Each structure stands twice: as C-alpha cells, then as structure tokens.
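Peer 1: Provided herewith is a single structure, encoded as structure tokens, for subsequent inquiry.
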Amino acid sequence: MGTLRLILGDQLTRGISALDGLDKDRDVVLLAEVREEGTYVRHHKQKIALILSAMRHFAEALRHEGIKIDYIRLDDPENTGLLTGELARALQRHRLSHAVMTEPGEWRLREAFLSWQRDTGAYFDMREDTRFIASHSRFERWANGRKGLRMEFFYRELRRETGLLMEDGEPASGQWNFDADNRKPVPKSVITPGRLRFEPDAITRDVMVLVEREFPSHFGSLETFGWPVTRAEARRALSHFIKEVLPSFGDYQDAMRADAPFLFHSLISTSLNIGLLTPREVCLSAETAWREGDVPINAAEGFIRQVLGWREYVRGIYWLKMPGYADTNFLDARERLPDFYWTGETKMRCISDVVRQTQSHAYSHHIQRLMVTGNFALLSGIAPKEIEEWYLAVYADAFDWVELPNTHGMAIFADGGLLASKPYAASGAYINRMSDFCGGCVYDPKARPGRTPCPFNALYWAFLIRNESRLSGNARLAMPYRTLAGWSRQRREGIMEEAATIMARMRQGEL
Ligand SMILES: Cc1cc2nc3c(=O)[nH]c(=O)nc-3n(C[C@H](O)[C@H](O)[C@H](O)COP(=O)(O)OP(=O)(O)OC[C@H]3O[C@@H](n4cnc5c(N)ncnc54)[C@H](O)[C@@H]3O)c2cc1C
Ligand code: SF4
C-alpha cells in the first residue's frame, strides 16, 4: 500500500522530510491550492501569485522525476477550499490509508491538521521540518532555565556548532558582532545596484490572471512581479546578491533611502520561506565569499547574523511560546489601524512611501518595517492583532512563525521584552538621520518655527509618559526617562495634549 505525501506551499524543497522514503511506484504527492489559505488574511496579490506559481513549478519538477503528482487547482469545481478537505478527498481518490506531511510552519495550520486527525482517526504522520539549522529540541535545550532569551547568545552557539565564520574555535576577525560598523546612513552619491528580477513565464502569467480574478480586492499590485519561482531562479538571485550587493550590505544595513526600496538587502526571504533556498546554503555562500576575500567581514557577519541568528531565533521563540504568545498585550495597546496603512494616503512621507512601495513590491526592508510602520504602530498604540494582520497580509515573505515574533515582540513590544531588550521607539530625529524621507515631508522633524512638527516627536514622548510605570525601570531607556524627569508638569501635559490632537487627526484621516 502506498502513502499520500502532502506538500504545502511553503515546503517546496526537494529534500523536505515529507518526501523522505518516497516510493515512486506506489506513493502519490499531493499539492492543493485552497481558498482558505489565500484568504485567512487578505494577502498581497504578489504573495498569492508567488506561492501558487512556485507550487506549480515544483509539481512540474517532481513530475519530471517520474513522481506521481495529484495537483488540485484553486478553480477545480470539486475543491473543498480547505487543506484538510483536500487531504481527505485525495486519500479516498487514491484508496490510500496513510498520509505523511512535514509539520506546517504556522500554529493555526498545525492545529487544523491535528484536530482533523483526532476527528477522523486517520493514519497520519507529521514529521519535523528539518530545513532549519536549529531543531525545536535544540532551541528548547538552549532556552531551558535561562532568565533572558537574547538572540545574541543563541547565535553564538549556532556559530560554534556550524563553524560558520569561526577560526580555531574563535569568531573570525576576533569579534562576534560588527553592528557598530553597520549603522551608516547612505549618502546620495552611493549608487544602489540593479536587482535580478524574473520575467513571469507562462505558468506565472496564468496564475496572475487567476489571482486578479479570484482575489480582486486584495492589497497590492501584480505589475512589478519578478520574484524567483523556481529553485534555479532563486540560486541565480542568490549568486547575484553575493557578488554584486553583499559587499555593501553591512555598511548600509540600517539605512533607508526614498528612491531605493531594496537598498543593499538580499530579497531572499521569499525564496527561503517557501523553500527554494535553504538557510544553510545561503550562509555558506556568504561565508565562502568572505573567505575568498570578496566581501568584508562586517558584511558577511551582518548578513549571516540575520539568517543564522534572527531567523532561527524567531522561529524558536514562536514554537516555544505559542499559542499564548500571540495573546499578550504588555503595553495595553488598543487603537484601530488607520486606513493609511492600506492606502498610503497620509502626509507623513516616510509612511506614505513605505506603504506605496509595499503595494508595488510586496516588500520593504527590515528598517522600514521596524522603524517606520512598526515604530508608528508602537508609538500610537495600535492593537497587536490589527497591526499583526497587516504585516501578515502585505509582505510576500510573511508567514506567521516569522512575522508574529518580529511584529509582536520586536516592533510593538507586546511580549514585554521577551524578544527585544527595549522597545524600538524613536522620534522623527532618528528617521531624519537614517533616511532622506524628511526632506520631502510637510512635517518638520526639527520642529522649526513656522513648520508643522513631525507627529513622531510628540507621539514618542507621549509613549514614554503613558508607559512610564511599565518601562521606566528598563536600563536601556534610562536616558530618555532622565530627560523626562527634568520636565515640568506643564511641559508633560503639553506633550500629552499635542499627542492627543495628533491621534484625533489620525482617527479622522487628517494626518
Ligand atoms: C515588523 C516586522 C515584520 C517582519 N515580518 C517578516 C515576515 O513576515 N517574514 C520574514 O521573512 N521576515 C520578516 N521580518 C524580518 C525582516 O524584515 C525580513 O526578513 C527582511 O526584511 C526580508 O528582506 P530581505 O530578504 O531583503 O532581508 P535581508 O535584510 O537581506 O536579510 C537576509 C535574511 O535574513 C533573514 N532575516 C533578517 N532579519 C530577520 C528577522 N528579524 N527575523 C527573521 N529573519 C530575518 C531573512 O530571511 C532575510 O531574507 C519582519 C521584520 C519586522 C520588523
Ligand atoms: S518629518 Fe516625520 S513624518 Fe515626515 S518623513 Fe520625517 S519622520 Fe516621517
């Protein structure tokens, strides 16, 4: 008797554990496009197109190997719209009693499969996802009994275990961390490199038509679609990045520039998250480029820290702390998400530009996510669920296991500091220093006479005042709280009033 092997849309890796032990003569591999996965949030059209196109290409590649594929299309009239529904139908259709899958990356989906198994009593094997460098048990072993779960220490252990950027048991070039070298604003004179984008082929074009027809009201545009949809394309994009872009990745890692949505970032998160690339090969490519003298250590380390450090760490936190993690709201944030997060229609140029870039590309880089849209959500007290749904919907790389800790923990501090040692709250001065957004904005980050002050400024101080009882003990916020201690009562009240006016204007769509 054969086995039904279910592959999900973010599991498009030939070495995925669901395919271990595949018997080409008897087994059937199932891939199913279902409406539920396209609509549980209103995903960006490019995200849906990316996943469906990559699934169709992956199925083709397996077929070429002589593997039996059962592919269910979104518009198949019999399609139940649910992954569990399609699994059940396929078991019947192929008269199989045993199904295998690799664990889903999202709590929601894992629960749906486990509850289906409990209800039906199906013979169903859910295997660990071995594509990550750290297994669940590896992360739990590290976390167990620790007071603080800081990424830096987990990252160092993984560096030692993998040998990445290590020399004789010591970190290469004598330092674990080159962050201090990686905070330069990017001068206007620096020319940003062109990026490798991929012209949609016939399969992708078909999918794009389907997405426009089935999800017309979803966020974003398909016009600029150029994501890699096959492993071969993803490998080419990776090589191009390593050769042409990585050398400057470190220097300008924290910078933003209005005319350069990608700056020196890698754009590999979509390929990593759906399985076209593995984190191990990505880190090894960067390390090799450094060993061969093609990239400086601050760039190689800064990049490997993101993939080996942050990516593995946030996944560890997610599975360690779910499902309760998603329900914490340390700062008691309750505000509704303003419409401009969807439309880009605000006079705040930084937010307007980032939202419009997101509409066009289903992408914005880390500092834009953290210090523009994330920072504003933090300062204005947007409710965690509202802003998390936005981040999950608008980026082509968004999957709950990586989006949730980044938003809930890093951007809006809703976990009270489990992930970040302090809230990433910043006034307009930070955005002005690290970007050129403010130059073309009606607001003024320096609050000069005759100009309208930047909303981030009053919101920043009001945030600190509002959350004083929760945050003033945080050593990393000692400086701003010392400044506040020198303020008169009137000055504090003045800022709170100014912030209340800004919030009222935000609610009325006038910001
Ligand atoms: C509020 C918020 C939400 C985010 N949501 C997502 C998400 O849904 N999906 C996602 O993949 N990343 C998310 N990130 C992390 C990060 O912003 C993206 O991984 C990155 O911008 C992707 O672009 P890139 O491939 O050009 O990354 P680069 O800057 O070139 O970094 C290289 C790779 O490192 C990894 N990486 C970097 N930073 C992180 C991080 N903080 N957590 C996990 N991996 C990281 C990614 O795989 C990325 O591709 C989020 C960050 C914030 C602040
Ligand atoms: S002035 Fe303020 S709102 Fe305008 S771009 Fe700068 S930080 Fe953003």
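By order of appearance in the structure tokens: chains A, B, ..., then residues from 1 within every chain, and ligands from 1 in the order shown.
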List as a list in words the protein and nucleic acid residues near Ser271 (chain A), meaning an atom at most 9 Å away when only C-alpha atoms are counted, but skip any in the same chain fewer than 2 places from it.
Peer 2: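 Answer for this query is Trp227, Pro228, Val229, Thr230, Arg231, Ala234, Leu267, Ile268, Ser269, Asn273, Ile274, Gly275, Leu276, Leu277, Thr278 and Asp397 of chain A.
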Peer 1: Can I get the residues close to ligand 1 as a VMD selection string, where close means within 7 Å and we count only C-alpha atoms and all ligand atoms?
Peer 2: chain A and resid 262 265 to 270 272 to 273 303 306 to 307 310 to 311 314 364 to 367 369 to 370 374 391 to 392 395 397 to 400 402 to 403 406 to 407 410 to 411
Peer 1: Please identify all protein, DNA and RNA residues within 12 Å of ligand 2, counting only C-alpha atoms and all ligand atoms, and report them as a PyMOL selection string.
Peer 2: chain A and resi 256-258+346-354+368+371-373+375-376+426-448+451-460+502+511
Peer 1: Which of region 273-462 of chain A end up as helix (DSSP H, G or I) when DSSP is run on this backbone - answer as a PyMOL selection string?
Peer 2: chain A and resi 273-274+279-291+297-321+324-327+340-343+349-361+366-380+384-394+400-411+428-434+438-440+455-462
Peer 1: Can I get the selection written as a compact mmCIF listing (two decimals), in the first residue's frame, with C-alpha atoms?
Peer 2:
# COMPACT_ATOMS: atom_id res chain seq x y z
CA ASN A 273 10.45 30.97 3.41
CA ILE A 274 8.84 28.89 0.68
CA PRO A 279 19.37 28.73 5.26
CA ARG A 280 22.47 26.55 5.36
CA GLU A 281 23.37 27.10 1.70
CA VAL A 282 22.69 30.82 1.98
CA CYS A 283 25.03 31.19 4.98
CA LEU A 284 27.70 29.05 3.32
CA SER A 285 27.60 31.19 0.16
CA ALA A 286 28.18 34.35 2.19
CA GLU A 287 30.94 32.71 4.20
CA THR A 288 32.71 31.47 1.07
CA ALA A 289 32.61 34.96 -0.44
CA TRP A 290 34.28 36.31 2.71
CA ARG A 291 36.91 33.53 2.80
CA ILE A 297 33.77 40.67 7.44
CA ASN A 298 31.23 43.27 8.63
CA ALA A 299 29.06 42.45 5.58
CA ALA A 300 29.40 38.66 5.84
CA GLU A 301 28.80 38.65 9.60
CA GLY A 302 25.95 41.16 9.41
CA PHE A 303 24.22 39.01 6.82
CA ILE A 304 24.84 35.62 8.45
CA ARG A 305 23.61 37.09 11.76
CA GLN A 306 20.22 37.71 10.07
CA VAL A 307 19.83 34.22 8.65
CA LEU A 308 21.58 32.04 11.22
CA GLY A 309 20.78 34.31 14.15
CA TRP A 310 17.50 36.17 13.80
CA ARG A 311 15.67 33.78 11.51
CA GLU A 312 16.40 30.66 13.57
CA TYR A 313 15.84 32.52 16.82
CA VAL A 314 12.42 33.98 15.99
CA ARG A 315 11.26 30.55 14.85
CA GLY A 316 12.49 29.10 18.15
CA ILE A 317 10.61 31.74 20.14
CA TYR A 318 7.43 31.18 18.13
CA TRP A 319 7.23 27.45 18.78
CA LEU A 320 8.41 27.78 22.38
CA LYS A 321 5.78 30.36 23.31
CA GLY A 324 -0.18 32.12 24.40
CA TYR A 325 2.45 34.39 22.84
CA ALA A 326 0.03 35.89 20.34
CA ASP A 327 -2.40 36.99 23.08
CA PHE A 340 -3.33 54.90 5.57
CA TYR A 341 -1.58 51.58 6.30
CA TRP A 342 -3.63 50.23 3.38
CA THR A 343 -3.86 53.28 1.13
CA ARG A 349 6.13 60.97 3.81
CA CYS A 350 8.03 58.11 5.46
CA ILE A 351 4.85 56.08 6.00
CA SER A 352 3.29 57.03 2.69
CA ASP A 353 6.44 55.99 0.76
CA VAL A 354 6.87 52.72 2.63
CA VAL A 355 3.21 51.75 2.16
CA ARG A 356 3.30 52.62 -1.54
CA GLN A 357 6.50 50.61 -2.05
CA THR A 358 4.82 47.74 -0.24
CA GLN A 359 1.81 47.98 -2.56
CA SER A 360 4.12 47.82 -5.59
CA HIS A 361 6.64 45.22 -4.46
CA HIS A 366 13.81 45.49 7.74
CA ILE A 367 14.45 49.05 8.90
CA GLN A 368 11.38 50.35 7.07
CA ARG A 369 9.27 47.60 8.70
CA LEU A 370 10.75 48.22 12.14
CA MET A 371 11.44 51.95 12.32
CA VAL A 372 8.71 53.41 10.11
CA THR A 373 5.50 51.36 10.08
CA GLY A 374 6.41 49.39 13.23
CA ASN A 375 7.60 52.44 15.15
CA PHE A 376 4.44 54.40 14.32
CA ALA A 377 2.24 51.47 15.40
CA LEU A 378 4.18 51.24 18.67
CA LEU A 379 4.03 54.97 19.43
CA SER A 380 0.35 55.32 18.56
CA PRO A 384 -1.41 43.91 18.36
CA LYS A 385 -3.93 41.86 16.35
CA GLU A 386 -4.64 44.76 13.99
CA ILE A 387 -1.03 45.50 13.12
CA GLU A 388 -0.06 41.82 13.01
CA GLU A 389 -2.77 41.10 10.50
CA TRP A 390 -1.41 43.93 8.36
CA TYR A 391 2.16 42.61 8.41
CA LEU A 392 0.94 39.10 7.65
CA ALA A 393 -1.04 40.35 4.66
CA VAL A 394 1.20 42.83 2.93
CA ASP A 400 3.11 33.53 10.99
CA TRP A 401 6.21 31.88 12.53
CA VAL A 402 8.45 34.72 11.38
CA GLU A 403 6.02 37.65 11.10
CA LEU A 404 4.49 37.27 14.58
CA PRO A 405 7.65 37.42 16.75
CA ASN A 406 9.01 40.26 14.62
CA THR A 407 5.83 42.32 14.96
CA HIS A 408 4.56 41.29 18.38
CA GLY A 409 7.99 41.15 20.04
CA MET A 410 10.38 43.35 18.11
CA ALA A 411 8.20 46.09 16.64
CA GLY A 428 11.46 61.87 13.86
CA ALA A 429 15.12 62.69 14.58
CA TYR A 430 16.07 59.02 14.07
CA ILE A 431 14.18 58.73 10.77
CA ASN A 432 15.74 62.02 9.66
CA ARG A 433 19.24 60.77 10.50
CA MET A 434 18.87 57.38 8.80
CA CYS A 438 12.03 64.07 5.88
CA GLY A 439 13.41 66.36 3.18
CA GLY A 440 10.24 65.98 1.13
CA PRO A 455 3.98 63.68 14.59
CA PHE A 456 6.57 61.09 15.60
CA ASN A 457 8.10 63.58 18.06
CA ALA A 458 5.12 64.24 20.32
CA LEU A 459 3.97 60.62 19.98
CA TYR A 460 7.43 59.45 21.12
CA TRP A 461 7.42 61.44 24.35
CA ALA A 462 3.74 60.70 25.00
Peer 1: What's the 12 Å shell around region 485-489 of chain A, counting only C-alpha atoms, without same-chain residues fewer than 6 positions away, as a list of chain:residue names?
Peer 2: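 In the requested format, the answer is A:Trp461, A:Leu464, A:Ile465, A:Glu468, A:Ser472, A:Ala478, A:Met479, A:Ile495, A:Met496.
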Peer 1: Each residue of region 11-78 of chain A with at least one atom at most 8 Å from region 206-209 of chain A should appear once, together with its nearest atom pair and the corresponding distance in Å (one decimal); atoms considered: only C-alpha atoms; ordering: chain, then increasing residue number; output as a Markdown table.
Peer 2:
| residue | atom | partner | partner_atom | distance |
| --- | --- | --- | --- | --- |
| A:Ala49 | CA | A:Met208 | CA | 5.9 |
| A:Leu52 | CA | A:Val207 | CA | 6.7 |
| A:Ser53 | CA | A:Val207 | CA | 6.2 |
